[in-house]
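Structure file final.cif (mmCIF, C-alpha atoms and all ligand atoms) is printed below.
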```
data_run
loop_
_atom_site.label_atom_id
_atom_site.label_comp_id
_atom_site.auth_asym_id
_atom_site.auth_seq_id
_atom_site.Cartn_x
_atom_site.Cartn_y
_atom_site.Cartn_z
CA MET I 1 7.38 -3.35 -16.67
CA HIS I 2 6.20 -0.02 -17.96
CA ILE I 3 3.06 1.83 -18.98
CA LYS I 4 2.97 2.59 -22.68
CA HIS I 5 -0.22 4.56 -22.71
CA LEU I 6 -2.43 6.04 -20.01
CA SER I 7 -5.91 7.34 -20.60
CA LEU I 8 -8.16 9.01 -18.07
CA THR I 9 -11.80 10.01 -18.21
CA ASN I 10 -13.29 12.27 -15.54
CA PHE I 11 -10.58 11.48 -13.04
CA ARG I 12 -10.02 14.41 -10.65
CA ASN I 13 -9.15 17.49 -12.71
CA TYR I 14 -8.69 15.47 -15.91
CA GLY I 15 -11.77 15.54 -18.13
CA ARG I 16 -10.10 13.46 -20.77
CA LEU I 17 -6.45 12.54 -21.13
CA GLU I 18 -4.65 10.42 -23.73
CA LEU I 19 -1.02 10.14 -22.77
CA PRO I 20 1.59 8.00 -24.50
CA LEU I 21 4.46 7.31 -22.10
CA PRO I 22 8.02 6.22 -22.84
CA ALA I 23 10.04 3.80 -20.71
CA GLY I 24 12.69 5.27 -18.40
CA ALA I 25 12.47 8.47 -16.39
CA VAL I 26 9.57 10.82 -17.09
CA VAL I 27 9.56 14.18 -15.30
CA LEU I 28 6.14 15.82 -14.88
CA GLN I 29 6.75 19.48 -14.34
CA GLY I 30 4.16 22.13 -13.53
CA ASN I 31 2.95 24.76 -11.08
CA ASN I 32 0.92 23.86 -8.02
CA ALA I 33 -2.62 22.49 -8.37
CA GLN I 34 -2.26 21.55 -12.05
CA GLY I 35 -2.75 17.78 -11.78
CA LYS I 36 0.73 16.29 -11.24
CA THR I 37 -0.17 14.40 -8.08
CA ASN I 38 -3.55 13.44 -9.55
CA LEU I 39 -1.77 11.69 -12.42
CA LEU I 40 0.35 9.59 -10.05
CA GLU I 41 -2.74 8.92 -7.96
CA ALA I 42 -4.54 7.55 -11.04
CA VAL I 43 -1.74 5.08 -11.76
CA TYR I 44 -1.51 4.07 -8.11
CA TYR I 45 -5.25 3.57 -7.91
CA LEU I 46 -5.20 1.35 -10.99
CA ALA I 47 -2.36 -0.72 -9.54
CA THR I 48 -3.65 -1.10 -5.98
CA SER I 49 -7.36 -0.18 -6.09
CA ARG I 50 -6.56 2.23 -3.27
CA SER I 51 -6.05 5.95 -3.29
CA PRO I 52 -3.17 7.32 -1.24
CA GLN I 53 -5.40 10.20 -0.16
CA ALA I 54 -9.09 9.99 -1.08
CA GLY I 55 -11.48 8.64 1.55
CA SER I 56 -14.11 7.66 -1.01
CA ASP I 57 -14.30 6.97 -4.73
CA GLN I 58 -16.68 9.91 -5.07
CA GLN I 59 -13.76 12.28 -4.56
CA LEU I 60 -11.93 10.81 -7.55
CA ILE I 61 -14.60 11.66 -10.10
CA ASN I 62 -14.28 14.96 -11.86
CA TRP I 63 -16.47 17.50 -10.05
CA THR I 64 -18.10 18.95 -13.13
CA ALA I 65 -18.94 15.51 -14.45
CA ALA I 66 -20.24 14.32 -11.08
CA GLU I 67 -22.64 17.25 -10.86
CA SER I 68 -24.11 16.91 -14.32
CA GLY I 69 -27.48 15.21 -14.62
CA GLU I 70 -26.43 12.30 -16.83
CA PRO I 71 -27.78 8.97 -15.63
CA ILE I 72 -24.43 7.19 -15.47
CA ILE I 73 -21.03 8.70 -15.73
CA VAL I 74 -18.08 6.49 -15.99
CA GLY I 75 -14.84 7.67 -14.53
CA ARG I 76 -12.15 5.60 -16.09
CA ILE I 77 -8.44 4.86 -15.77
CA ASN I 78 -7.00 2.76 -18.55
CA ALA I 79 -3.41 1.68 -19.15
CA GLN I 80 -1.54 -0.33 -21.74
CA VAL I 81 1.13 -2.16 -19.82
CA GLU I 82 4.24 -3.79 -21.24
CA THR I 83 5.75 -6.55 -19.10
CA GLN I 84 8.58 -9.07 -19.51
CA THR I 85 6.00 -11.65 -20.51
CA GLY I 86 3.87 -9.56 -22.85
CA GLY I 87 1.41 -6.70 -22.98
CA ARG I 88 -2.00 -6.17 -21.45
CA ILE I 89 -4.67 -3.51 -21.20
CA ILE I 90 -6.11 -2.86 -17.78
CA GLU I 91 -8.91 -0.59 -16.72
CA MET I 92 -10.71 0.58 -13.61
CA ARG I 93 -14.17 2.08 -14.06
CA LEU I 94 -16.19 4.09 -11.61
CA ILE I 95 -19.86 3.75 -12.38
CA ARG I 96 -22.43 6.06 -10.93
CA GLU I 97 -25.57 4.41 -9.69
CA ARG I 98 -28.78 5.91 -8.41
CA ASN I 99 -29.59 4.98 -4.82
CA GLU I 100 -33.30 4.40 -4.29
CA GLY I 101 -34.62 6.23 -1.25
CA ARG I 102 -31.31 6.54 0.50
CA HIS I 103 -29.69 9.50 2.14
CA ARG I 104 -27.24 10.03 -0.72
CA PRO I 105 -28.81 10.09 -4.19
CA TYR I 106 -25.83 8.37 -5.86
CA SER I 107 -23.03 6.00 -5.12
CA PHE I 108 -20.10 4.73 -7.17
CA ARG I 109 -19.39 1.16 -8.05
CA ARG I 110 -15.96 0.00 -9.18
CA GLU I 111 -15.47 -2.34 -12.07
CA ALA I 112 -12.15 -3.91 -13.14
CA VAL I 113 -11.34 -4.89 -16.70
CA VAL I 114 -8.29 -6.82 -17.98
CA ASN I 115 -7.86 -7.26 -21.75
CA ARG I 116 -11.48 -6.14 -22.27
CA ARG I 117 -12.91 -8.73 -19.89
CA THR I 118 -14.56 -7.80 -16.62
CA VAL I 119 -12.71 -9.39 -13.71
CA ARG I 120 -12.95 -9.33 -9.93
CA LEU I 121 -11.28 -6.30 -8.37
CA MET I 122 -8.76 -8.62 -6.78
CA ASP I 123 -7.70 -9.88 -10.20
CA LEU I 124 -6.81 -6.39 -11.32
CA LEU I 125 -4.11 -6.20 -8.66
CA GLY I 126 -0.62 -7.14 -9.76
CA ASN I 127 -1.21 -6.38 -13.44
CA VAL I 128 0.88 -3.28 -13.03
CA ARG I 129 3.11 -3.06 -9.97
CA VAL I 130 4.14 0.29 -8.55
CA VAL I 131 6.22 1.69 -5.73
CA LEU I 132 4.99 5.10 -4.58
CA PHE I 133 7.06 7.80 -2.84
CA LEU I 134 5.21 10.68 -1.20
CA PRO I 135 6.49 13.52 0.97
CA GLN I 136 4.05 12.33 3.67
CA ASP I 137 5.57 8.82 3.74
CA ILE I 138 7.29 9.89 6.94
CA GLN I 139 3.93 9.23 8.60
CA LEU I 140 4.76 5.55 8.27
CA ILE I 141 7.13 6.21 11.15
CA THR I 142 5.28 8.87 13.12
CA GLY I 143 1.65 8.00 12.31
CA SER I 144 -0.82 5.40 13.49
CA PRO I 145 -0.50 1.59 13.29
CA SER I 146 -3.38 1.45 10.78
CA GLY I 147 -1.23 3.30 8.22
CA ARG I 148 1.59 0.81 8.76
CA ARG I 149 -0.79 -2.12 8.35
CA ARG I 150 -2.13 -0.57 5.15
CA TYR I 151 1.44 -0.35 3.89
CA MET I 152 2.06 -4.09 4.40
CA ASP I 153 -1.29 -4.98 2.86
CA THR I 154 -0.90 -2.78 -0.20
CA VAL I 155 2.57 -4.07 -1.04
CA LEU I 156 1.62 -7.70 -0.41
CA CYS I 157 -1.66 -7.51 -2.31
CA GLN I 158 0.13 -6.32 -5.46
CA MET I 159 2.35 -9.38 -5.25
CA ASP I 160 0.29 -12.15 -3.81
CA LYS I 161 -3.31 -12.86 -4.79
CA ARG I 162 -3.73 -15.48 -2.13
CA TYR I 163 -2.72 -13.03 0.56
CA CYS I 164 -5.24 -10.55 -0.75
CA ARG I 165 -8.02 -13.13 -0.77
CA ASP I 166 -7.13 -14.28 2.75
CA LEU I 167 -7.13 -10.67 3.94
CA SER I 168 -10.56 -10.00 2.52
CA HIS I 169 -11.98 -13.22 4.01
CA TYR I 170 -10.29 -12.51 7.32
CA ASN I 171 -11.91 -9.08 7.52
CA LYS I 172 -15.32 -10.62 6.87
CA ALA I 173 -14.82 -13.34 9.50
CA LEU I 174 -13.62 -10.73 11.98
CA GLU I 175 -16.66 -8.56 11.34
CA GLN I 176 -18.94 -11.55 11.93
CA ARG I 177 -17.16 -12.51 15.14
CA ASN I 178 -17.33 -8.92 16.41
CA ALA I 179 -21.03 -8.66 15.55
CA LEU I 180 -21.71 -11.82 17.54
CA LEU I 181 -19.57 -10.62 20.47
CA ARG I 182 -21.65 -7.44 20.58
CA GLN I 183 -24.88 -9.43 20.53
CA LEU I 184 -23.62 -11.67 23.32
CA ALA I 185 -22.66 -8.61 25.38
CA GLU I 186 -26.24 -7.40 24.98
CA GLY I 187 -27.63 -10.77 25.98
CA THR I 188 -28.77 -11.82 22.51
CA GLY I 189 -27.03 -14.07 19.98
CA ARG I 190 -26.03 -17.72 20.20
CA ARG I 191 -22.93 -18.52 22.17
CA ASP I 192 -22.47 -21.92 20.50
CA THR I 193 -21.80 -20.28 17.10
CA LEU I 194 -18.86 -18.27 18.44
CA PRO I 195 -16.25 -21.06 17.93
CA ILE I 196 -17.16 -21.21 14.22
CA PHE I 197 -16.12 -17.59 13.74
CA THR I 198 -13.16 -17.91 16.08
CA ASP I 199 -11.82 -20.86 14.07
CA LYS I 200 -12.22 -18.91 10.84
CA VAL I 201 -10.39 -15.90 12.30
CA VAL I 202 -7.60 -18.19 13.55
CA GLU I 203 -7.22 -20.09 10.28
CA LEU I 204 -7.10 -17.01 8.04
CA GLY I 205 -5.30 -14.84 10.58
CA SER I 206 -2.47 -17.37 10.93
CA ARG I 207 -1.82 -17.18 7.20
CA LEU I 208 -1.69 -13.38 7.33
CA PHE I 209 0.69 -13.49 10.31
CA VAL I 210 3.23 -15.78 8.61
CA ARG I 211 3.08 -13.95 5.29
CA ARG I 212 3.61 -10.57 6.93
CA ALA I 213 6.43 -11.96 9.06
CA SER I 214 8.40 -13.26 6.09
CA PHE I 215 7.70 -10.11 4.07
CA MET I 216 8.92 -7.82 6.87
CA TYR I 217 11.95 -10.04 7.41
CA GLU I 218 12.98 -9.90 3.76
CA LEU I 219 12.21 -6.20 3.46
CA GLY I 220 14.24 -5.51 6.60
CA ARG I 221 17.22 -7.39 5.23
CA GLU I 222 17.21 -5.30 2.03
CA ALA I 223 16.72 -2.07 3.99
CA GLN I 224 19.64 -2.94 6.26
CA ARG I 225 21.96 -3.48 3.31
CA ILE I 226 20.94 -0.26 1.57
CA HIS I 227 21.00 1.85 4.70
CA TYR I 228 24.33 0.61 5.99
CA GLU I 229 26.25 0.39 2.71
CA HIS I 230 24.82 3.14 0.57
CA LEU I 231 23.09 5.69 2.75
CA THR I 232 25.25 6.06 5.85
CA SER I 233 28.62 4.57 4.79
CA GLY I 234 28.62 2.05 7.60
CA ASN I 235 27.53 4.47 10.33
CA GLU I 236 23.98 3.44 10.96
CA SER I 237 22.33 0.09 11.29
CA ILE I 238 18.63 -0.17 10.57
CA ARG I 239 16.26 -2.93 11.68
CA LEU I 240 12.65 -3.51 10.80
CA HIS I 241 10.57 -5.21 13.48
CA TYR I 242 7.26 -6.80 12.71
CA LEU I 243 5.05 -6.59 15.80
CA PRO I 244 2.30 -9.18 15.39
CA ARG I 245 -0.65 -8.86 17.77
CA LEU I 246 -0.37 -12.47 18.75
CA GLN I 247 -0.35 -12.00 22.50
CA GLU I 248 -2.75 -11.06 25.22
CA ASN I 249 -1.52 -7.55 25.78
CA GLY I 250 -0.14 -4.96 23.41
CA LEU I 251 3.63 -4.73 23.10
CA ASN I 252 5.51 -2.32 25.25
CA ARG I 253 7.39 -0.39 22.57
CA GLY I 254 10.05 0.49 25.12
CA GLY I 255 10.73 -3.22 25.68
CA THR I 256 13.99 -4.97 24.82
CA VAL I 257 14.84 -6.02 21.29
CA SER I 258 14.54 -9.73 22.12
CA GLN I 259 10.99 -9.16 23.39
CA LEU I 260 10.20 -7.33 20.20
CA THR I 261 11.55 -10.00 17.87
CA ALA I 262 10.56 -13.20 19.69
CA LEU I 263 7.11 -13.47 18.12
CA SER I 264 8.06 -12.48 14.60
CA ASP I 265 11.00 -14.94 14.73
CA PHE I 266 8.54 -17.64 15.78
CA LEU I 267 6.27 -16.80 12.83
CA TYR I 268 9.12 -16.63 10.37
CA LYS I 269 10.46 -20.02 11.47
CA ASN I 270 7.02 -21.58 11.17
CA GLU I 271 6.24 -20.05 7.81
CA MET I 272 5.73 -23.45 6.26
CA ASP I 273 3.72 -24.80 9.13
CA ALA I 274 0.54 -22.78 9.56
CA GLY I 275 -0.73 -25.49 11.96
CA VAL I 276 1.81 -24.57 14.66
CA VAL I 277 0.95 -20.89 14.36
CA GLY I 278 -2.77 -21.70 14.32
CA GLU I 279 -2.50 -23.65 17.57
CA TYR I 280 -0.67 -20.81 19.23
CA PHE I 281 -3.12 -18.19 17.94
CA GLN I 282 -6.04 -20.38 19.12
CA SER I 283 -4.55 -20.55 22.63
CA ILE I 284 -4.23 -16.75 22.73
CA MET I 285 -7.83 -16.42 21.54
CA GLN I 286 -8.96 -18.64 24.43
CA ALA I 287 -6.90 -16.59 26.89
CA THR I 288 -8.54 -13.35 25.71
CA LEU I 289 -12.04 -14.82 25.35
CA SER I 290 -13.51 -13.35 28.53
CA ALA I 291 -12.05 -9.92 27.76
CA ASP I 292 -13.43 -10.12 24.20
CA LEU I 293 -16.86 -11.08 25.52
CA ALA I 294 -16.84 -8.23 28.00
CA ARG I 295 -15.75 -5.65 25.44
CA GLY I 296 -17.66 -6.97 22.48
CA ILE I 297 -14.62 -6.90 20.21
CA THR I 298 -11.77 -9.16 19.08
CA SER I 299 -8.64 -7.91 20.81
CA THR I 300 -5.92 -10.06 19.21
CA GLY I 301 -5.13 -10.83 15.59
CA PRO I 302 -3.47 -9.31 12.51
CA HIS I 303 -6.00 -6.47 12.46
CA ARG I 304 -4.09 -5.07 15.46
CA ASP I 305 -0.57 -5.63 14.06
CA ASP I 306 2.13 -3.02 13.92
CA TRP I 307 5.75 -2.72 12.84
CA MET I 308 8.58 -0.35 13.65
CA ILE I 309 11.97 0.83 12.46
CA GLU I 310 14.94 0.82 14.76
CA ILE I 311 18.17 2.70 14.01
CA ASN I 312 21.30 1.92 16.00
CA GLY I 313 19.19 0.14 18.58
CA ARG I 314 16.64 2.89 19.09
CA ASP I 315 13.02 3.28 18.06
CA LEU I 316 13.07 5.73 15.16
CA SER I 317 9.63 7.15 15.95
CA TYR I 318 10.70 8.30 19.42
CA PHE I 319 14.39 8.98 19.11
CA GLY I 320 15.14 9.69 15.47
CA SER I 321 15.85 13.17 14.18
CA ARG I 322 13.74 14.33 11.25
CA GLY I 323 16.71 13.68 8.95
CA GLN I 324 17.17 10.15 10.30
CA GLN I 325 13.47 9.46 9.84
CA ARG I 326 13.71 10.60 6.21
CA SER I 327 16.70 8.29 5.63
CA GLY I 328 14.87 5.43 7.31
CA ILE I 329 11.89 5.86 4.98
CA LEU I 330 14.15 6.14 1.95
CA SER I 331 15.89 2.87 2.85
CA LEU I 332 12.51 1.22 3.35
CA LYS I 333 11.20 2.40 -0.02
CA LEU I 334 14.36 1.46 -1.92
CA ALA I 335 14.20 -1.94 -0.22
CA GLU I 336 10.62 -2.25 -1.46
CA ILE I 337 11.80 -1.69 -5.05
CA ASP I 338 14.50 -4.35 -4.66
CA TRP I 339 12.10 -6.77 -3.00
CA VAL I 340 9.42 -6.43 -5.70
CA THR I 341 12.07 -6.76 -8.41
CA THR I 342 13.57 -9.96 -6.99
CA GLN I 343 10.17 -11.50 -6.35
CA THR I 344 8.93 -10.93 -9.89
CA ASN I 345 12.05 -10.51 -12.02
CA ASP I 346 10.31 -7.48 -13.48
CA PRO I 347 11.12 -4.05 -12.02
CA PRO I 348 8.05 -2.06 -10.87
CA VAL I 349 6.97 1.38 -12.08
CA LEU I 350 8.21 4.07 -9.69
CA LEU I 351 5.94 6.97 -8.78
CA LEU I 352 7.76 9.81 -7.05
CA ASP I 353 5.79 12.83 -5.92
CA GLU I 354 7.93 15.91 -5.21
CA VAL I 355 10.45 13.84 -3.32
CA ALA I 356 13.64 15.18 -4.84
CA ALA I 357 13.10 18.57 -3.19
CA GLU I 358 13.05 17.00 0.27
CA LEU I 359 16.33 15.13 0.06
CA ASP I 360 19.91 16.28 0.52
CA GLY I 361 22.61 15.64 -2.09
CA GLN I 362 23.75 12.14 -1.12
CA ARG I 363 20.24 10.76 -0.63
CA ARG I 364 18.96 12.36 -3.81
CA ALA I 365 21.87 10.85 -5.77
CA LEU I 366 21.08 7.39 -4.41
CA LEU I 367 17.39 7.76 -5.24
CA LEU I 368 18.18 8.92 -8.80
CA GLU I 369 20.51 5.96 -9.18
CA TYR I 370 17.47 3.71 -8.60
CA VAL I 371 15.39 5.82 -10.97
CA LYS I 372 18.03 5.49 -13.69
CA HIS I 373 17.82 1.72 -13.48
CA ALA I 374 14.04 1.59 -13.27
CA ALA I 375 12.03 0.29 -16.20
CA GLN I 376 9.91 3.40 -15.79
CA ALA I 377 9.69 6.20 -13.24
CA LEU I 378 7.20 9.04 -13.15
CA LEU I 379 8.58 11.96 -11.14
CA THR I 380 6.75 15.20 -10.37
CA ALA I 381 8.42 18.52 -9.65
CA THR I 382 7.43 22.19 -9.71
CA ASP I 383 10.76 22.81 -11.36
CA SER I 384 12.90 20.35 -13.32
CA ASP I 385 15.98 22.31 -12.14
CA GLN I 386 15.82 20.10 -9.05
CA PHE I 387 17.36 17.33 -11.13
CA PRO I 388 20.98 17.29 -12.31
CA ASN I 389 21.64 18.00 -15.99
CA ASP I 390 22.99 14.56 -16.83
CA PHE I 391 19.80 13.08 -15.38
CA MET I 392 17.54 15.42 -17.37
CA ASP I 393 19.50 14.67 -20.55
CA ARG I 394 18.18 11.13 -20.44
CA ALA I 395 14.72 11.85 -19.04
CA THR I 396 11.53 12.80 -20.88
CA LEU I 397 10.13 16.14 -19.77
CA LEU I 398 6.37 16.71 -19.77
CA THR I 399 4.54 19.82 -18.64
CA VAL I 400 1.30 19.58 -16.68
CA ALA I 401 -1.05 22.58 -16.77
CA ASN I 402 -4.71 22.65 -15.75
CA GLY I 403 -5.45 18.98 -16.36
CA ARG I 404 -3.54 18.80 -19.63
CA VAL I 405 -0.15 17.24 -20.34
CA ARG I 406 2.23 18.39 -23.04
N1 LIG D 501 -12.67 15.39 -8.08
C1 LIG D 501 -12.08 16.46 -8.62
N2 LIG D 501 -12.59 17.07 -9.73
C2 LIG D 501 -11.99 18.15 -10.29
N3 LIG D 501 -10.85 18.71 -9.81
C3 LIG D 501 -10.29 18.14 -8.71
C4 LIG D 501 -10.87 17.01 -8.06
N4 LIG D 501 -10.09 16.67 -7.00
C5 LIG D 501 -9.07 17.57 -6.98
N5 LIG D 501 -9.19 18.46 -7.99
C6 LIG D 501 -8.30 19.59 -8.33
O1 LIG D 501 -7.05 19.10 -8.73
C7 LIG D 501 -6.07 20.08 -8.43
C8 LIG D 501 -4.93 19.48 -7.63
O2 LIG D 501 -4.23 18.65 -8.42
P1 LIG D 501 -2.87 18.04 -7.93
O3 LIG D 501 -2.60 16.90 -8.83
O4 LIG D 501 -2.90 17.77 -6.47
O5 LIG D 501 -1.91 19.27 -8.21
P2 LIG D 501 -0.32 19.32 -8.27
O6 LIG D 501 0.00 19.62 -9.69
O7 LIG D 501 0.03 20.46 -7.37
O8 LIG D 501 0.22 18.03 -7.80
C9 LIG D 501 -6.71 21.14 -7.59
O9 LIG D 501 -6.91 22.26 -8.37
C10 LIG D 501 -7.99 20.48 -7.14
O10 LIG D 501 -8.97 21.45 -6.94
MG MG D 502 1.21 17.65 -5.99
#
```
Please go through the file and, once you have read it, give me the structure as structure tokens.
Amino acid sequence: MHIKHLSLTNFRNYGRLELPLPAGAVVLQGNNAQGKTNLLEAVYYLATSRSPQAGSDQQLINWTAAESGEPIIVGRINAQVETQTGGRIIEMRLIRERNEGRHRPYSFRREAVVNRRTVRLMDLLGNVRVVLFLPQDIQLITGSPSGRRRYMDTVLCQMDKRYCRDLSHYNKALEQRNALLRQLAEGTGRRDTLPIFTDKVVELGSRLFVRRASFMYELGREAQRIHYEHLTSGNESIRLHYLPRLQENGLNRGGTVSQLTALSDFLYKNEMDAGVVGEYFQSIMQATLSADLARGITSTGPHRDDWMIEINGRDLSYFGSRGQQRSGILSLKLAEIDWVTTQTNDPPVLLLDEVAAELDGQRRALLLEYVKHAAQALLTATDSDQFPNDFMDRATLLTVANGRVR
């Protein structure tokens, strides 16, 4: 699939942008702070309803527009998308609303539109599928588990509506269970309603567990092939381990490989039988019940999941060199492209932010090989000299300066 036309209104430093885009590789060149990353962010936000960096939607609205006194300002990202099965027009709107008597005078509401009809936010997802590369992706290895969970959720939500719906319902059920646990810890609340929320958490959580397990298994298989064959010429073996929080205590990351894989193997094997997983999850919930009651929080479940990358038998976050960590992330991301492509038969749009500069010759060549075969790739760079001539010969070069694109 590819984006034929992108238009932005009041998004970050873009007041108004109308940008026709060709298929294939598009290089966005420009000095720092001109709006290159903002452009990729807009596309990513439209595809996933998440920003890779902003904490709140408020930050996405153009400052000047946000400060003006107009009653409602609509920030808007609109794209005409061409897919294997036809075209569509998708749009995300940010609508400013006055808050009556609250601390903040305004808040922003999101509205999703597909082919001129308002839809639920969830139904916007998947209309354009993207794979994003950022220099800070390395934090997937070195950063916190919440970032790694967000990674699984963002990729899966673009592909699988049911997963996304389950996730949203799970989070609500979890919130309700936690609220009740807190009340019970304070001596209020009704104990006999707890099993209702526990059952809901178990039912929805089991579905998230099995979906994540099969996703991580398939992604790991692709990553292994790419890493071994193309990136390290048979020198390094990479493994992805899904670490479901489906046990009483957290995993000891220094544990043996069989300890690490036992649970995810169990989930993968029972993918088709959520009942088996549900029973197991329920038994763990009973085992942790007294601890949950004492702490006023749900200690097991997919909201505490993690995953890790292992290279040649060692945990990449502890033992990998910076270079190995970069290769590990590259294999993961290329695997993501392959996975999305096989699942949908329609290659995703690639968004690459300043990544060419970070990679050495062999890795850059492999990445550009993927870009060459992509339906569309938007690449940013301060200088297009970073790309080889034969690559630039076939790419479209655009210049970004102060919120304008030429
Ligand atoms: N909400 C906003 N409104 C207006 N300008 C913004 C907003 N958020 C960020 N900016 C500006 O956008 C510019 C950064 O754009 P960015 O896309 O990150 O640049 P680069 O071309 O280096 O990738 C900065 O000048 C920043 O001040
Ligand atoms: Mg940038």
Just checking: using all atoms listed in the file, which residue out of I:Thr344, I:Asn62, I:Thr193, I:Asn10 ends up closest to ligand LIG 501 (chain D)? I:Asn62
Return as CSV the residues of segment 257-333 of chain I lying at most 12 Å from segment 363-373 of chain I, together with the closest atom-to-atom pair for each and the distance in Å to one decimal, counting all atoms listed in the file, with rows in chain order and ascending residue number.
```
residue,atom,partner,partner_atom,distance
I:Gly323,CA,I:Arg363,CA,10.6
I:Gln324,CA,I:Arg363,CA,11.4
I:Arg326,CA,I:Arg363,CA,9.5
I:Ser327,CA,I:Arg363,CA,7.6
I:Gly328,CA,I:Arg363,CA,11.0
I:Ile329,CA,I:Arg363,CA,11.2
I:Leu330,CA,I:Leu367,CA,8.1
I:Ser331,CA,I:Leu367,CA,9.6
I:Leu332,CA,I:Leu367,CA,11.8
I:Lys333,CA,I:Leu367,CA,9.7
```
Kindly compile the residues surrounding ligand MG 502 (chain D) within 10 Å, counting all atoms listed in the file, and format them as a ChimeraX atom specification. /I:30-41,134-135,353-354,380-382
Find the residue from I:Ser49, I:Thr188, I:Asn13, I:Thr396 that sits nearest to ligand LIG 501 (chain D); use all atoms listed in the file when measuring. I:Asn13
Restricting the calculation to all atoms listed in the file, which member of I:Tyr45, I:Tyr242, I:Phe197, I:Phe215 is positioned closest to Asp160 of chain I? I:Phe215
For ligand LIG 501 (chain D), which residue out of I:Gln29, I:Gln139, I:Gln80, I:Ser384 is the nearest one, using only C-alpha atoms and all ligand atoms? I:Gln29
Padding 8 Å on each side, edges along x, y and z: where is the centre of the box around the listed atoms of ligand LIG 501 (chain D), and how long are its edges in Å to one decimal? Output it as AutoDock Vina command-line options.
```
--center_x -6.2 --center_y 18.8 --center_z -8.4 --size_x 28.9 --size_y 22.9 --size_z 19.8
```
Hey, which of I:His303, I:Asn249, I:Val405, I:Leu156 ends up closest to ligand LIG 501 (chain D)? Count all atoms listed in the file.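 Closest to ligand LIG 501 (chain D), using all atoms listed in the file: I:Val405.
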Can you tell me how far atom CA of Leu121 of chain I sits from atom CA of Arg150 of chain I, in Å to one decimal?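 Going from atom CA of Leu121 of chain I over to atom CA of Arg150 of chain I, I get 17.3 Å.
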